[in-house]
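Here's the structure, in structure tokens; my notes come after.
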Amino acid sequence: MGQSHDGKLMSQFSERDFRDAMGQFCTGVVIVTGRDEQGAPCGFSAQSFVSVSLSPPLVAVCPANSSLSWPRIRATGRFGVNILAADQQDLCVRFARSGADKFRGQQWSASALDPPRLDRVLGFVACRLEAEHAAGDHRVVIGRVLDFHMRPGDRLPLLFFRGRYGAFGPAPDAA
């Protein structure tokens, strides 16, 4: 990266270079779930999930423009964010695929209108769609948190770093 004669930054990098650079940042992994207008469950894997505001309680997820599941979920105005544990990589991979019956054989719970909460996840955040913004090849979706449930225990989160899944161990004892 260099500077032009007027002091503005100039960048000369490829999409792959940018992806590799962003891969240096470790993220958690979630599955966004909802129901389509007929009440059928749908969902997709995401690593772009963040708390945006405490008051009001807001979170953001970033589905790809190519997502087939997000438009179905968007139509109902409600979605859930399932926070995955380190032992749920297979579940993440299943929900990353397009066109498959992602819920086949997967245990989940919800009332008739609520987004599906997948069994054994570390946490679940139920949201109402607050806003959506175009952002390149993705959307930035803001959800107002209506409810949440965190599972107590010592299971570790599923993480994504440098194109691979993993986890980190418990913190070492302070000496």
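Chain lettering (A, B, ...) mirrors the order of the structure tokens, residue numbering begins at 1 for each chain separately, and ligand numbering begins at 1 in order of display.
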
For the interface of region 18-89 of chain A with region 144-156 of chain A (cut-off 7 Å, counting only C-alpha atoms), please tabulate each contacting residue of region 18-89 of chain A alongside its nearest pair of atoms and their separation in Å to one decimal, rows sorted by chain and increasing number, as CSV.
residue,atom,partner,partner_atom,distance
A:Pro57,CA,A:Val145,CA,5.4
A:Leu58,CA,A:Arg144,CA,4.6
A:Val59,CA,A:Arg144,CA,6.7
A:Ala85,CA,A:Leu156,CA,5.7
A:Ala86,CA,A:Leu156,CA,5.5

Shell around region 76-78 of chain A at 9 Å using only C-alpha atoms, local window under 3 positions removed, as a PDB file with N, CA and C atoms, in the first residue's frame:
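Below you can see out-v6.pdb, which holds the result:
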ATOM      1  N   THR A  33     -30.841 -18.927  12.354  1.00  0.00           N
ATOM      2  CA  THR A  33     -32.016 -19.726  12.020  1.00  0.00           C
ATOM      3  C   THR A  33     -33.262 -18.864  11.993  1.00  0.00           C
ATOM      4  N   GLY A  34     -34.241 -19.348  11.292  1.00  0.00           N
ATOM      5  CA  GLY A  34     -35.536 -18.689  11.230  1.00  0.00           C
ATOM      6  C   GLY A  34     -36.528 -19.627  10.580  1.00  0.00           C
ATOM      7  N   ARG A  35     -37.651 -19.067  10.229  1.00  0.00           N
ATOM      8  CA  ARG A  35     -38.691 -19.821   9.526  1.00  0.00           C
ATOM      9  C   ARG A  35     -39.080 -19.038   8.282  1.00  0.00           C
ATOM     10  N   ASP A  36     -39.461 -19.770   7.250  1.00  0.00           N
ATOM     11  CA  ASP A  36     -39.963 -19.076   6.068  1.00  0.00           C
ATOM     12  C   ASP A  36     -41.436 -18.743   6.282  1.00  0.00           C
ATOM     13  N   GLU A  37     -42.061 -18.133   5.294  1.00  0.00           N
ATOM     14  CA  GLU A  37     -43.448 -17.690   5.453  1.00  0.00           C
ATOM     15  C   GLU A  37     -44.432 -18.846   5.618  1.00  0.00           C
ATOM     16  N   ARG A  72     -35.573 -15.881   2.919  1.00  0.00           N
ATOM     17  CA  ARG A  72     -36.701 -16.613   3.501  1.00  0.00           C
ATOM     18  C   ARG A  72     -36.908 -16.203   4.955  1.00  0.00           C
ATOM     19  N   ILE A  73     -35.807 -16.028   5.689  1.00  0.00           N
ATOM     20  CA  ILE A  73     -35.884 -15.611   7.089  1.00  0.00           C
ATOM     21  C   ILE A  73     -36.329 -14.158   7.175  1.00  0.00           C
ATOM     22  N   LEU A 113     -43.995 -19.813  16.107  1.00  0.00           N
ATOM     23  CA  LEU A 113     -43.502 -18.655  15.355  1.00  0.00           C
ATOM     24  C   LEU A 113     -42.042 -18.325  15.643  1.00  0.00           C
ATOM     25  N   ASP A 114     -41.472 -18.937  16.654  1.00  0.00           N
ATOM     26  CA  ASP A 114     -40.100 -18.600  17.045  1.00  0.00           C
ATOM     27  C   ASP A 114     -39.064 -19.233  16.123  1.00  0.00           C
ATOM     28  N   PRO A 115     -37.886 -18.608  16.033  1.00  0.00           N
ATOM     29  CA  PRO A 115     -36.806 -19.219  15.249  1.00  0.00           C
ATOM     30  C   PRO A 115     -36.300 -20.483  15.950  1.00  0.00           C
ATOM     31  N   ALA A 126     -32.549 -14.621  20.409  1.00  0.00           N
ATOM     32  CA  ALA A 126     -33.748 -14.431  19.577  1.00  0.00           C
ATOM     33  C   ALA A 126     -33.884 -12.952  19.231  1.00  0.00           C
ATOM     34  N   CYS A 127     -34.095 -12.650  17.937  1.00  0.00           N
ATOM     35  CA  CYS A 127     -34.092 -11.262  17.461  1.00  0.00           C
ATOM     36  C   CYS A 127     -35.279 -10.941  16.565  1.00  0.00           C
ATOM     37  N   ARG A 128     -35.605  -9.658  16.551  1.00  0.00           N
ATOM     38  CA  ARG A 128     -36.533  -9.092  15.572  1.00  0.00           C
ATOM     39  C   ARG A 128     -35.689  -8.240  14.625  1.00  0.00           C
ATOM     40  N   LEU A 129     -35.929  -8.354  13.340  1.00  0.00           N
ATOM     41  CA  LEU A 129     -35.185  -7.577  12.354  1.00  0.00           C
ATOM     42  C   LEU A 129     -35.422  -6.087  12.589  1.00  0.00           C
ATOM     43  N   GLU A 130     -34.329  -5.375  12.834  1.00  0.00           N
ATOM     44  CA  GLU A 130     -34.399  -3.940  13.119  1.00  0.00           C
ATOM     45  C   GLU A 130     -34.021  -3.115  11.887  1.00  0.00           C
ATOM     46  N   GLY A 143     -30.319  -6.862  14.439  1.00  0.00           N
ATOM     47  CA  GLY A 143     -31.450  -7.474  15.117  1.00  0.00           C
ATOM     48  C   GLY A 143     -31.609  -6.920  16.518  1.00  0.00           C
TER      49      GLY A 143
END

Next on the checklist: Give me, as a VMD selection string, the residues of region 65-154 of chain A that a backbone DSSP run labels strand (DSSP E or B).
Outcome noted: chain A and resid 78 to 83 85 108 to 109 117 to 118 123 to 135 138 to 150

With C-alpha atoms retained, could you export that selection as a short mmCIF file (atom, residue, chain, number, x, y, z; two decimals), in the first residue's frame?
data_model
loop_
_atom_site.label_atom_id
_atom_site.label_comp_id
_atom_site.auth_asym_id
_atom_site.auth_seq_id
_atom_site.Cartn_x
_atom_site.Cartn_y
_atom_site.Cartn_z
CA ARG A 78 -37.51 -12.73 13.16
CA PHE A 79 -34.32 -14.75 13.46
CA GLY A 80 -32.21 -16.57 16.02
CA VAL A 81 -28.46 -16.77 16.46
CA ASN A 82 -27.16 -20.14 17.68
CA ILE A 83 -23.64 -19.85 19.18
CA ALA A 85 -19.50 -25.11 20.66
CA TRP A 108 -34.15 -28.28 17.80
CA SER A 109 -36.94 -26.54 19.68
CA ARG A 117 -32.98 -23.11 18.71
CA LEU A 118 -30.55 -25.91 17.91
CA GLY A 123 -26.12 -19.87 23.48
CA PHE A 124 -29.16 -18.66 21.58
CA VAL A 125 -30.20 -15.07 20.86
CA ALA A 126 -33.75 -14.43 19.58
CA CYS A 127 -34.09 -11.26 17.46
CA ARG A 128 -36.53 -9.09 15.57
CA LEU A 129 -35.19 -7.58 12.35
CA GLU A 130 -34.40 -3.94 13.12
CA ALA A 131 -32.50 -2.81 10.00
CA GLU A 132 -30.66 -4.15 6.98
CA HIS A 133 -27.96 -2.46 4.91
CA ALA A 134 -26.21 -3.38 1.66
CA ALA A 135 -22.47 -3.89 2.16
CA HIS A 138 -22.96 -9.14 1.98
CA ARG A 139 -25.77 -7.55 3.98
CA VAL A 140 -25.40 -6.04 7.45
CA VAL A 141 -28.44 -7.17 9.41
CA ILE A 142 -29.23 -5.53 12.74
CA GLY A 143 -31.45 -7.47 15.12
CA ARG A 144 -33.16 -6.23 18.27
CA VAL A 145 -32.61 -8.84 20.97
CA LEU A 146 -35.94 -10.10 22.31
CA ASP A 147 -34.58 -12.92 24.47
CA PHE A 148 -31.48 -15.03 24.95
CA HIS A 149 -30.41 -18.22 26.63
CA MET A 150 -26.83 -19.14 27.55
#

Next on the checklist: So, with only C-alpha atoms as the atoms that count, which of A:Ala167, A:Cys92, A:Leu158, A:Ala100 lies closest to Cys42 (chain A)?
Outcome noted: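 The closest residue to Cys42 (chain A) is A:Ala100.
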